[in-house]
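Engineer: Sharing model28.csv below, CSV, C-alpha atoms:
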```csv
chain,number,residue,atom,x,y,z
A,1,MET,CA,38.7,180.2,-29.3
A,2,VAL,CA,39.1,180.4,-33.2
A,3,SER,CA,42.6,181.0,-34.3
A,4,SER,CA,45.4,179.5,-36.4
A,5,ALA,CA,45.8,175.9,-37.2
A,6,ASP,CA,48.1,175.4,-34.2
A,7,THR,CA,45.7,176.8,-31.7
A,8,SER,CA,42.3,176.3,-33.2
A,9,CYS,CA,39.6,174.7,-31.1
A,10,LYS,CA,41.6,175.3,-27.9
A,11,ARG,CA,40.5,177.3,-24.9
A,12,TYR,CA,42.2,180.5,-24.0
A,13,SER,CA,43.4,179.0,-20.8
A,14,GLN,CA,44.9,176.1,-22.6
A,15,ILE,CA,47.0,178.4,-24.8
A,16,PHE,CA,48.0,181.0,-22.2
A,17,ASP,CA,47.6,179.1,-19.0
A,18,ASP,CA,45.4,181.9,-17.6
A,19,VAL,CA,41.9,183.2,-17.9
A,20,PRO,CA,41.1,186.0,-20.4
A,21,PRO,CA,42.0,189.4,-18.8
A,22,TRP,CA,39.0,191.1,-20.3
A,23,GLY,CA,36.6,188.8,-18.4
A,24,GLU,CA,32.9,189.4,-19.0
A,25,ASN,CA,33.2,193.2,-19.8
A,26,GLY,CA,35.2,192.8,-23.0
A,27,GLY,CA,37.9,195.3,-24.0
A,28,ASN,CA,39.8,193.1,-26.4
A,29,LYS,CA,38.2,193.9,-29.8
A,30,ALA,CA,41.0,192.3,-31.9
A,31,GLY,CA,40.6,189.0,-30.2
A,32,THR,CA,36.8,188.9,-30.0
A,33,ASP,CA,35.7,189.9,-33.5
A,34,HIS,CA,34.0,186.5,-34.2
A,35,LEU,CA,30.9,184.9,-32.9
A,36,LEU,CA,29.2,181.6,-33.9
A,37,CYS,CA,25.4,181.3,-33.1
A,38,CYS,CA,23.6,178.0,-33.3
A,39,LYS,CA,20.0,177.0,-33.6
A,40,GLY,CA,18.5,175.2,-30.6
A,41,SER,CA,17.6,171.5,-30.6
A,42,VAL,CA,15.6,170.3,-33.6
A,43,LYS,CA,13.7,168.0,-31.2
A,44,ASP,CA,9.9,168.3,-31.6
A,45,SER,CA,10.4,170.6,-34.7
A,46,PRO,CA,9.6,170.3,-38.4
A,47,GLU,CA,13.3,169.5,-39.0
A,48,GLU,CA,12.9,166.4,-36.8
A,49,GLU,CA,9.9,165.2,-38.6
A,50,PHE,CA,11.8,165.7,-41.9
A,51,MET,CA,14.7,163.6,-40.7
A,52,TYR,CA,12.4,160.7,-39.7
A,53,SER,CA,10.6,160.9,-43.1
A,54,ILE,CA,13.9,160.8,-45.0
A,55,ALA,CA,15.0,157.7,-43.0
A,56,ALA,CA,11.7,156.0,-43.7
A,57,LYS,CA,12.0,156.6,-47.5
A,58,LYS,CA,15.7,155.7,-47.6
A,59,PHE,CA,15.7,152.5,-45.5
A,60,HIS,CA,12.0,151.3,-45.5
A,61,PRO,CA,12.3,149.8,-42.0
A,62,SER,CA,9.8,147.1,-41.0
A,63,TRP,CA,9.4,146.1,-37.4
A,64,TYR,CA,8.8,142.4,-36.5
A,65,HIS,CA,7.7,140.9,-33.2
A,66,ARG,CA,7.0,137.5,-31.9
A,67,GLU,CA,3.5,137.7,-33.3
A,68,GLU,CA,5.1,138.1,-36.8
A,69,GLY,CA,7.2,134.9,-36.3
A,70,TYR,CA,10.4,136.5,-35.1
A,71,LYS,CA,12.0,134.3,-32.4
A,72,GLY,CA,15.6,135.5,-32.4
A,73,ARG,CA,17.5,136.2,-29.2
A,74,THR,CA,21.0,136.6,-30.7
A,75,TRP,CA,22.4,139.1,-33.2
A,76,GLN,CA,22.9,136.4,-35.8
A,77,GLU,CA,19.4,135.0,-35.5
A,78,ALA,CA,18.0,138.5,-36.1
A,79,SER,CA,20.2,139.0,-39.1
A,80,ASP,CA,19.2,135.6,-40.6
A,81,PHE,CA,15.6,136.4,-40.0
A,82,CYS,CA,15.8,139.6,-42.0
A,83,VAL,CA,17.7,137.8,-44.8
A,84,GLY,CA,14.8,135.3,-44.9
A,85,LYS,CA,12.5,138.3,-45.6
A,86,SER,CA,14.8,139.4,-48.5
A,87,LEU,CA,15.9,142.3,-46.3
A,88,VAL,CA,18.8,143.2,-44.1
A,89,LEU,CA,19.1,144.1,-40.5
A,90,CYS,CA,18.6,147.8,-40.1
A,91,GLY,CA,21.6,150.1,-39.3
A,92,TYR,CA,21.7,152.7,-36.5
A,93,ASP,CA,20.7,155.5,-38.8
A,94,ALA,CA,17.5,153.6,-39.8
A,95,TYR,CA,16.6,152.9,-36.2
A,96,CYS,CA,17.4,156.3,-34.8
A,97,PRO,CA,17.4,159.2,-37.3
A,98,MET,CA,18.0,161.6,-34.3
A,99,ALA,CA,20.6,159.3,-32.6
A,100,ASP,CA,20.1,159.2,-28.9
A,101,LEU,CA,18.3,162.6,-28.8
A,102,ASP,CA,14.9,161.0,-29.4
A,103,LYS,CA,12.9,157.8,-29.8
A,104,PRO,CA,13.6,155.1,-32.5
A,105,ILE,CA,11.6,155.3,-35.7
A,106,GLY,CA,8.2,153.7,-35.2
A,107,GLY,CA,8.1,154.5,-31.5
A,108,THR,CA,9.4,152.8,-28.4
A,109,LYS,CA,8.7,149.2,-27.3
A,110,GLU,CA,8.0,147.7,-23.9
A,111,LEU,CA,10.3,148.5,-21.0
A,112,GLY,CA,13.8,146.8,-21.2
A,113,SER,CA,13.6,146.1,-24.9
A,114,TYR,CA,16.7,146.0,-27.1
A,115,ALA,CA,17.1,145.6,-30.9
A,116,PRO,CA,20.1,144.3,-32.9
A,117,VAL,CA,21.8,146.8,-35.2
A,118,ASN,CA,23.7,146.3,-38.4
A,119,GLY,CA,26.7,148.2,-39.7
A,120,VAL,CA,30.4,149.0,-38.8
A,121,ALA,CA,29.5,149.9,-35.3
A,122,ALA,CA,28.3,146.4,-34.7
A,123,GLY,CA,31.9,145.2,-34.2
A,124,ASN,CA,31.6,141.5,-33.8
A,125,GLY,CA,27.9,141.6,-34.5
A,126,ALA,CA,26.7,141.8,-30.9
A,127,PHE,CA,25.6,145.5,-31.1
A,128,TRP,CA,22.2,146.2,-29.5
A,129,ILE,CA,20.4,149.5,-28.7
A,130,SER,CA,17.6,150.3,-26.3
A,131,VAL,CA,14.2,150.7,-28.0
A,132,SER,CA,12.3,151.3,-24.9
A,133,ASP,CA,11.7,154.6,-23.0
A,134,THR,CA,14.8,153.9,-20.9
A,135,LYS,CA,17.5,155.8,-22.7
A,136,PRO,CA,16.2,155.0,-26.2
A,137,CYS,CA,18.7,154.6,-29.0
A,138,THR,CA,21.6,154.1,-26.5
A,139,PRO,CA,23.9,151.1,-26.9
A,140,TYR,CA,23.4,148.2,-24.5
A,141,GLY,CA,27.0,148.6,-23.1
A,142,GLN,CA,26.5,152.3,-22.1
A,143,ILE,CA,23.3,151.5,-20.2
A,144,ASN,CA,24.5,148.3,-18.5
A,145,GLY,CA,28.3,149.0,-18.2
A,146,SER,CA,29.2,145.8,-20.0
A,147,PRO,CA,28.8,144.3,-23.5
A,148,PRO,CA,25.6,142.4,-24.2
A,149,PRO,CA,25.5,138.7,-23.6
A,150,ASP,CA,25.7,136.2,-26.5
A,151,ILE,CA,22.0,135.4,-25.9
A,152,LEU,CA,19.7,138.1,-24.6
A,153,PRO,CA,16.8,137.2,-22.3
A,154,GLU,CA,13.5,136.5,-24.2
A,155,GLU,CA,11.7,139.5,-22.8
A,156,SER,CA,14.5,141.9,-23.9
A,157,SER,CA,14.9,140.7,-27.5
A,158,ARG,CA,11.3,140.5,-28.9
A,159,HIS,CA,11.7,143.2,-31.5
A,160,VAL,CA,13.8,143.6,-34.7
A,161,ALA,CA,13.7,146.1,-37.6
A,162,CYS,CA,14.6,144.9,-41.1
A,163,CYS,CA,15.5,147.3,-44.0
A,164,LEU,CA,16.0,147.3,-47.7
A,165,ALA,CA,19.6,146.6,-48.7
A,166,THR,CA,21.5,149.8,-49.4
A,167,SER,CA,21.6,149.4,-53.2
A,168,ALA,CA,17.9,148.7,-53.4
A,169,ALA,CA,17.1,151.6,-51.0
A,170,THR,CA,19.1,154.1,-52.9
A,171,ASN,CA,17.7,153.0,-56.3
A,172,PRO,CA,14.4,151.3,-55.7
A,173,GLU,CA,13.3,151.7,-59.3
A,174,ALA,CA,16.4,150.0,-60.7
A,175,PRO,CA,15.3,147.5,-63.4
A,176,SER,CA,15.9,143.8,-62.7
A,177,PRO,CA,18.2,141.9,-65.0
A,178,ALA,CA,16.7,141.2,-68.3
A,179,VAL,CA,15.4,137.7,-68.9
A,180,ALA,CA,16.1,136.2,-72.3
A,181,ALA,CA,12.9,135.6,-74.3
A,182,PRO,CA,12.1,131.9,-74.8
A,183,LYS,CA,12.9,130.5,-78.1
A,184,THR,CA,10.1,129.2,-80.3
A,185,SER,CA,10.1,126.5,-83.0
A,186,GLN,CA,7.1,128.1,-84.9
A,187,PRO,CA,8.2,128.8,-88.5
A,188,THR,CA,8.1,132.4,-89.7
A,189,SER,CA,7.9,131.5,-93.4
A,190,VAL,CA,7.0,128.5,-95.4
A,191,ILE,CA,8.1,127.6,-99.0
A,192,VAL,CA,5.8,125.2,-100.8
A,193,MET,CA,7.6,123.2,-103.5
A,194,SER,CA,6.3,121.2,-106.4
A,195,GLU,CA,7.5,117.9,-107.5
A,196,PRO,CA,10.5,117.9,-109.8
A,197,THR,CA,9.5,118.1,-113.5
A,198,SER,CA,12.6,116.7,-115.0
A,199,GLU,CA,15.8,114.9,-114.2
A,200,PRO,CA,18.5,117.1,-112.6
A,201,THR,CA,20.7,118.7,-115.2
A,202,PRO,CA,24.5,118.6,-115.1
A,203,GLN,CA,24.6,122.3,-114.6
A,204,PRO,CA,22.0,123.1,-111.8
A,205,THR,CA,22.9,126.8,-111.8
A,206,LEU,CA,21.4,127.1,-115.3
A,207,LYS,CA,18.1,125.5,-114.5
A,208,PRO,CA,17.0,124.4,-111.1
A,209,SER,CA,15.4,121.0,-110.8
A,210,ILE,CA,12.8,122.3,-108.3
A,211,ARG,CA,10.6,125.3,-108.9
A,212,PRO,CA,9.0,127.3,-106.0
A,213,VAL,CA,5.3,127.5,-106.5
A,214,ALA,CA,4.3,129.9,-103.8
A,215,MET,CA,5.6,131.5,-100.7
A,216,ALA,CA,3.9,132.7,-97.5
A,217,THR,CA,5.5,134.8,-94.9
A,218,SER,CA,2.9,134.5,-92.1
A,219,PRO,CA,3.5,132.2,-89.2
A,220,GLY,CA,1.7,128.9,-89.3
A,221,THR,CA,2.0,125.3,-90.3
A,222,VAL,CA,2.2,123.9,-93.9
A,223,ASP,CA,-1.5,123.0,-93.8
A,224,GLN,CA,-2.4,126.5,-92.7
A,225,THR,CA,-0.3,128.0,-95.5
A,226,PHE,CA,-2.1,125.8,-98.2
A,227,LYS,CA,-5.4,127.0,-96.9
A,228,GLU,CA,-4.3,130.6,-97.0
A,229,LEU,CA,-2.8,130.4,-100.5
A,230,PHE,CA,-5.4,128.3,-102.3
A,231,ASN,CA,-8.5,129.1,-100.2
A,232,VAL,CA,-8.9,125.5,-99.3
A,233,SER,CA,-11.8,125.0,-96.9
A,234,ASN,CA,-12.3,122.0,-94.6
```
Please rewrite the model in this file as C-alpha coordinates.
Structural biologist:
Amino acid sequence: MVSSADTSCKRYSQIFDDVPPWGENGGNKAGTDHLLCCKGSVKDSPEEEFMYSIAAKKFHPSWYHREEGYKGRTWQEASDFCVGKSLVLCGYDAYCPMADLDKPIGGTKELGSYAPVNGVAAGNGAFWISVSDTKPCTPYGQINGSPPPDILPEESSRHVACCLATSAATNPEAPSPAVAAPKTSQPTSVIVMSEPTSEPTPQPTLKPSIRPVAMATSPGTVDQTFKELFNVSN
(Lines of atoms letter the chains of each structure in order from A and count residues from 1; the text may use other names and numbers.)
(Lines give C-alpha, C1' and ligand atoms only; values in the text may rest on other atoms or scores of the structure.)
Protein backbone atom coordinates (compact mmCIF):
# COMPACT_ATOMS: atom_id res chain seq x y z
CA MET A 1 0.00 0.00 0.00
CA VAL A 2 1.24 3.52 -0.86
CA SER A 3 -0.13 6.24 1.37
CA SER A 4 0.95 8.95 3.80
CA ALA A 5 4.20 8.95 5.70
CA ASP A 6 2.55 7.27 8.70
CA THR A 7 1.19 4.31 6.74
CA SER A 8 3.51 4.05 3.74
CA CYS A 9 4.97 0.64 2.94
CA LYS A 10 2.48 -1.12 5.23
CA ARG A 11 0.02 -3.78 4.13
CA TYR A 12 -3.70 -3.04 4.20
CA SER A 13 -4.18 -5.70 6.85
CA GLN A 14 -1.52 -4.06 9.06
CA ILE A 15 -3.38 -0.76 8.96
CA PHE A 16 -6.99 -1.96 9.26
CA ASP A 17 -6.49 -5.41 10.77
CA ASP A 18 -8.57 -6.92 7.98
CA VAL A 19 -8.32 -7.95 4.34
CA PRO A 20 -9.33 -5.46 1.59
CA PRO A 21 -13.13 -5.64 1.11
CA TRP A 22 -12.84 -5.32 -2.67
CA GLY A 23 -10.81 -8.53 -2.96
CA GLU A 24 -9.71 -9.47 -6.46
CA ASN A 25 -12.66 -7.83 -8.22
CA GLY A 26 -11.83 -4.23 -7.36
CA GLY A 27 -14.49 -1.67 -6.61
CA ASN A 28 -12.35 0.82 -4.67
CA LYS A 29 -11.12 3.22 -7.34
CA ALA A 30 -10.01 5.91 -4.89
CA GLY A 31 -7.70 3.48 -3.06
CA THR A 32 -6.33 1.65 -6.10
CA ASP A 33 -5.31 4.44 -8.45
CA HIS A 34 -1.58 3.59 -8.40
CA LEU A 35 0.39 0.69 -9.77
CA LEU A 36 4.14 0.05 -9.85
CA CYS A 37 5.53 -2.28 -12.52
CA CYS A 38 9.07 -3.65 -12.42
CA LYS A 39 11.30 -5.22 -14.97
CA GLY A 40 12.17 -8.88 -14.45
CA SER A 41 15.60 -10.06 -13.34
CA VAL A 42 18.59 -8.68 -15.23
CA LYS A 43 20.25 -12.07 -14.97
CA ASP A 44 21.50 -13.31 -18.37
CA SER A 45 20.69 -9.96 -19.96
CA PRO A 46 22.67 -7.11 -21.54
CA GLU A 47 22.25 -5.19 -18.27
CA GLU A 48 24.06 -7.94 -16.39
CA GLU A 49 26.95 -7.90 -18.85
CA PHE A 50 27.12 -4.13 -18.46
CA MET A 51 27.33 -4.39 -14.65
CA TYR A 52 30.23 -6.86 -14.88
CA SER A 53 32.10 -4.69 -17.36
CA ILE A 54 31.70 -1.63 -15.12
CA ALA A 55 33.06 -3.55 -12.13
CA ALA A 56 36.03 -4.75 -14.17
CA LYS A 57 36.88 -1.20 -15.30
CA LYS A 58 36.39 0.29 -11.85
CA PHE A 59 38.25 -2.23 -9.70
CA HIS A 60 40.54 -4.13 -12.12
CA PRO A 61 40.31 -7.38 -10.13
CA SER A 62 43.10 -9.91 -10.59
CA TRP A 63 42.70 -13.49 -9.38
CA TYR A 64 45.60 -15.34 -7.73
CA HIS A 65 45.93 -19.05 -6.97
CA ARG A 66 48.56 -21.29 -5.45
CA GLU A 67 50.22 -21.48 -8.86
CA GLU A 68 50.74 -17.69 -8.74
CA GLY A 69 52.40 -17.89 -5.33
CA TYR A 70 49.37 -17.23 -3.13
CA LYS A 71 49.58 -19.35 0.02
CA GLY A 72 47.21 -17.50 2.37
CA ARG A 73 44.69 -19.28 4.57
CA THR A 74 43.70 -16.33 6.77
CA TRP A 75 42.07 -13.01 5.95
CA GLN A 76 45.18 -11.10 7.03
CA GLU A 77 47.50 -13.24 4.92
CA ALA A 78 45.30 -12.56 1.90
CA SER A 79 45.30 -8.82 2.57
CA ASP A 80 49.10 -8.78 3.00
CA PHE A 81 49.51 -10.71 -0.24
CA CYS A 82 47.56 -8.08 -2.19
CA VAL A 83 49.50 -5.25 -0.56
CA GLY A 84 52.69 -7.00 -1.68
CA LYS A 85 51.37 -6.70 -5.23
CA SER A 86 50.76 -2.94 -4.71
CA LEU A 87 47.03 -3.72 -4.70
CA VAL A 88 44.30 -4.16 -2.08
CA LEU A 89 41.98 -7.00 -1.24
CA CYS A 90 38.86 -6.73 -3.41
CA GLY A 91 35.58 -5.61 -1.88
CA TYR A 92 32.26 -7.39 -2.28
CA ASP A 93 31.16 -5.19 -5.22
CA ALA A 94 34.30 -6.14 -7.13
CA TYR A 95 33.85 -9.87 -6.48
CA CYS A 96 30.12 -9.96 -7.12
CA PRO A 97 28.62 -7.14 -9.25
CA MET A 98 25.26 -8.98 -9.13
CA ALA A 99 25.50 -9.74 -5.39
CA ASP A 100 24.31 -13.27 -4.68
CA LEU A 101 22.13 -13.37 -7.81
CA ASP A 102 24.93 -14.70 -9.99
CA LYS A 103 28.53 -15.89 -10.15
CA PRO A 104 31.59 -13.92 -9.03
CA ILE A 105 33.49 -11.96 -11.63
CA GLY A 106 35.86 -14.23 -13.50
CA GLY A 107 33.72 -17.30 -12.89
CA THR A 108 33.41 -19.83 -10.09
CA LYS A 109 36.24 -21.92 -8.65
CA GLU A 110 36.40 -25.51 -7.46
CA LEU A 111 33.74 -26.83 -5.09
CA GLY A 112 33.96 -25.52 -1.53
CA SER A 113 36.14 -22.50 -2.35
CA TYR A 114 35.87 -19.26 -0.38
CA ALA A 115 37.57 -15.91 -0.97
CA PRO A 116 38.35 -13.14 1.56
CA VAL A 117 36.56 -9.82 1.12
CA ASN A 118 37.67 -6.29 1.97
CA GLY A 119 35.42 -3.46 3.17
CA VAL A 120 33.09 -2.42 5.99
CA ALA A 121 31.18 -5.68 5.77
CA ALA A 122 34.36 -7.52 6.73
CA GLY A 123 33.82 -6.58 10.39
CA ASN A 124 36.86 -7.88 12.18
CA GLY A 125 38.43 -8.89 8.90
CA ALA A 126 37.20 -12.50 8.82
CA PHE A 127 34.69 -12.05 6.01
CA TRP A 128 34.66 -14.72 3.31
CA ILE A 129 32.26 -15.47 0.46
CA SER A 130 31.65 -18.57 -1.58
CA VAL A 131 33.29 -18.49 -5.00
CA SER A 132 32.16 -21.95 -6.04
CA ASP A 133 28.91 -23.12 -7.63
CA THR A 134 27.54 -23.76 -4.13
CA LYS A 135 25.64 -20.56 -3.31
CA PRO A 136 28.14 -18.25 -5.04
CA CYS A 137 28.75 -14.79 -3.55
CA THR A 138 27.04 -15.84 -0.29
CA PRO A 139 28.87 -15.16 3.01
CA TYR A 140 30.48 -18.12 4.76
CA GLY A 141 28.29 -17.69 7.84
CA GLN A 142 25.03 -17.89 5.89
CA ILE A 143 26.09 -21.14 4.27
CA ASN A 144 27.58 -22.84 7.31
CA GLY A 145 25.54 -21.29 10.12
CA SER A 146 28.62 -20.00 11.96
CA PRO A 147 31.44 -17.49 11.42
CA PRO A 148 34.48 -18.68 9.48
CA PRO A 149 37.39 -20.10 11.47
CA ASP A 150 40.53 -18.05 11.97
CA ILE A 151 42.35 -20.32 9.53
CA LEU A 152 40.44 -21.88 6.65
CA PRO A 153 41.32 -25.35 5.36
CA GLU A 154 43.86 -25.32 2.55
CA GLU A 155 41.41 -26.67 -0.01
CA SER A 156 38.88 -23.91 0.80
CA SER A 157 41.21 -20.92 0.64
CA ARG A 158 43.18 -21.30 -2.57
CA HIS A 159 41.85 -18.21 -4.33
CA VAL A 160 42.00 -14.47 -3.77
CA ALA A 161 41.16 -11.42 -5.89
CA CYS A 162 43.22 -8.25 -5.57
CA CYS A 163 42.04 -4.85 -6.85
CA LEU A 164 43.34 -1.38 -7.46
CA ALA A 165 43.04 0.95 -4.50
CA THR A 166 39.89 3.07 -4.70
CA SER A 167 41.71 6.33 -5.48
CA ALA A 168 43.72 4.74 -8.28
CA ALA A 169 40.72 2.94 -9.67
CA THR A 170 38.56 6.06 -9.82
CA ASN A 171 41.37 8.14 -11.34
CA PRO A 172 43.77 5.77 -13.10
CA GLU A 173 45.33 8.57 -15.15
CA ALA A 174 46.17 10.78 -12.18
CA PRO A 175 49.74 12.06 -12.59
CA SER A 176 52.32 10.86 -10.14
CA PRO A 177 53.96 13.45 -7.86
CA ALA A 178 56.48 15.57 -9.70
CA VAL A 179 60.14 14.71 -9.18
CA ALA A 180 62.52 17.65 -8.91
CA ALA A 181 65.01 17.87 -11.76
CA PRO A 182 68.57 17.06 -10.71
CA LYS A 183 70.79 20.04 -10.30
CA THR A 184 73.79 20.43 -12.61
CA SER A 185 77.11 22.12 -12.04
CA GLN A 186 77.68 22.85 -15.74
CA PRO A 187 78.08 26.62 -16.29
CA THR A 188 75.57 28.42 -18.47
CA SER A 189 77.91 31.32 -19.28
CA VAL A 190 81.62 32.05 -19.08
CA ILE A 191 83.36 35.40 -18.77
CA VAL A 192 86.99 35.49 -19.96
CA MET A 193 89.03 38.13 -18.19
CA SER A 194 92.36 39.69 -19.16
CA GLU A 195 95.16 40.39 -16.77
CA PRO A 196 94.98 43.75 -14.96
CA THR A 197 96.62 46.53 -17.00
CA SER A 198 97.24 48.91 -14.13
CA GLU A 199 97.21 49.20 -10.41
CA PRO A 200 93.76 49.49 -8.83
CA THR A 201 92.64 53.08 -8.58
CA PRO A 202 91.33 54.60 -5.35
CA GLN A 203 87.96 55.01 -7.03
CA PRO A 204 87.11 51.65 -8.69
CA THR A 205 83.72 52.90 -9.78
CA LEU A 206 85.36 55.32 -12.20
CA LYS A 207 87.69 52.85 -13.93
CA PRO A 208 87.60 49.13 -13.25
CA SER A 209 90.94 47.43 -12.86
CA ILE A 210 89.76 44.39 -14.87
CA ARG A 211 88.28 44.63 -18.33
CA PRO A 212 86.10 41.88 -19.80
CA VAL A 213 87.55 40.75 -23.09
CA ALA A 214 84.79 38.45 -24.36
CA MET A 215 81.67 36.70 -23.19
CA ALA A 216 80.08 33.40 -24.29
CA THR A 217 76.64 32.32 -23.25
CA SER A 218 76.73 28.73 -24.53
CA PRO A 219 77.27 25.90 -22.05
CA GLY A 220 80.78 24.48 -21.81
CA THR A 221 84.10 24.71 -20.09
CA VAL A 222 86.56 27.58 -20.26
CA ASP A 223 88.71 25.71 -22.80
CA GLN A 224 85.70 25.11 -24.99
CA THR A 225 84.79 28.80 -24.82
CA PHE A 226 88.26 29.87 -25.95
CA LYS A 227 88.04 27.60 -28.95
CA GLU A 228 84.62 28.97 -29.86
CA LEU A 229 85.62 32.64 -29.50
CA PHE A 230 89.05 32.57 -31.07
CA ASN A 231 88.73 29.57 -33.46
CA VAL A 232 91.56 27.79 -31.68
CA SER A 233 92.11 24.33 -33.13
CA ASN A 234 93.77 21.41 -31.38
Engineer: Using only C-alpha atoms, give me every residue within 12 Å of (16.7, 154.2, -37.0) in file coordinates, as an MDAnalysis selection string.
Structural biologist: chainID A and resid 51:63 89:108 115:119 129:131 136:138 160:163
Engineer: So what do you get for CA of Phe127 in chain A versus CA of Pro149 in chain A, distance-wise?
Structural biologist: 10.1 Å
Engineer: So what do you get for CA of Glu154 in chain A versus CA of Lys135 in chain A, distance-wise?
Structural biologist: 19.8 Å
Engineer: So how far away is CA of Pro147 in chain A from CA of His159 in chain A, in Å?
Structural biologist: 18.9 Å
Engineer: For each of A:Ser132, A:Ser156, A:Ile151, A:Gly112, take the minimum atom-to-atom distance to Glu77 in chain A, counting all atoms listed in the file, then give the residue where this is smallest.
Structural biologist: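 Checking each of A:Ser132, A:Ser156, A:Ile151, A:Gly112 against Glu77 in chain A, counting all atoms listed in the file, the winner is A:Ile151.
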Engineer: Which is closer to Trp128 in chain A than all the others in A:Gly141, A:Pro20, A:Pro46, A:Gly69, using all atoms listed in the file?
Structural biologist: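 The shortest atom-to-atom distance to Trp128 in chain A comes from A:Gly141.
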Engineer: For Gly72 in chain A, list every protein, DNA or RNA residue within 8 Å, evaluated using only C-alpha atoms, and leave out those in the same chain fewer than 4 positions away; present the list as a PyMOL selection string.
Structural biologist: chain A and resi 77-78+81+157-158
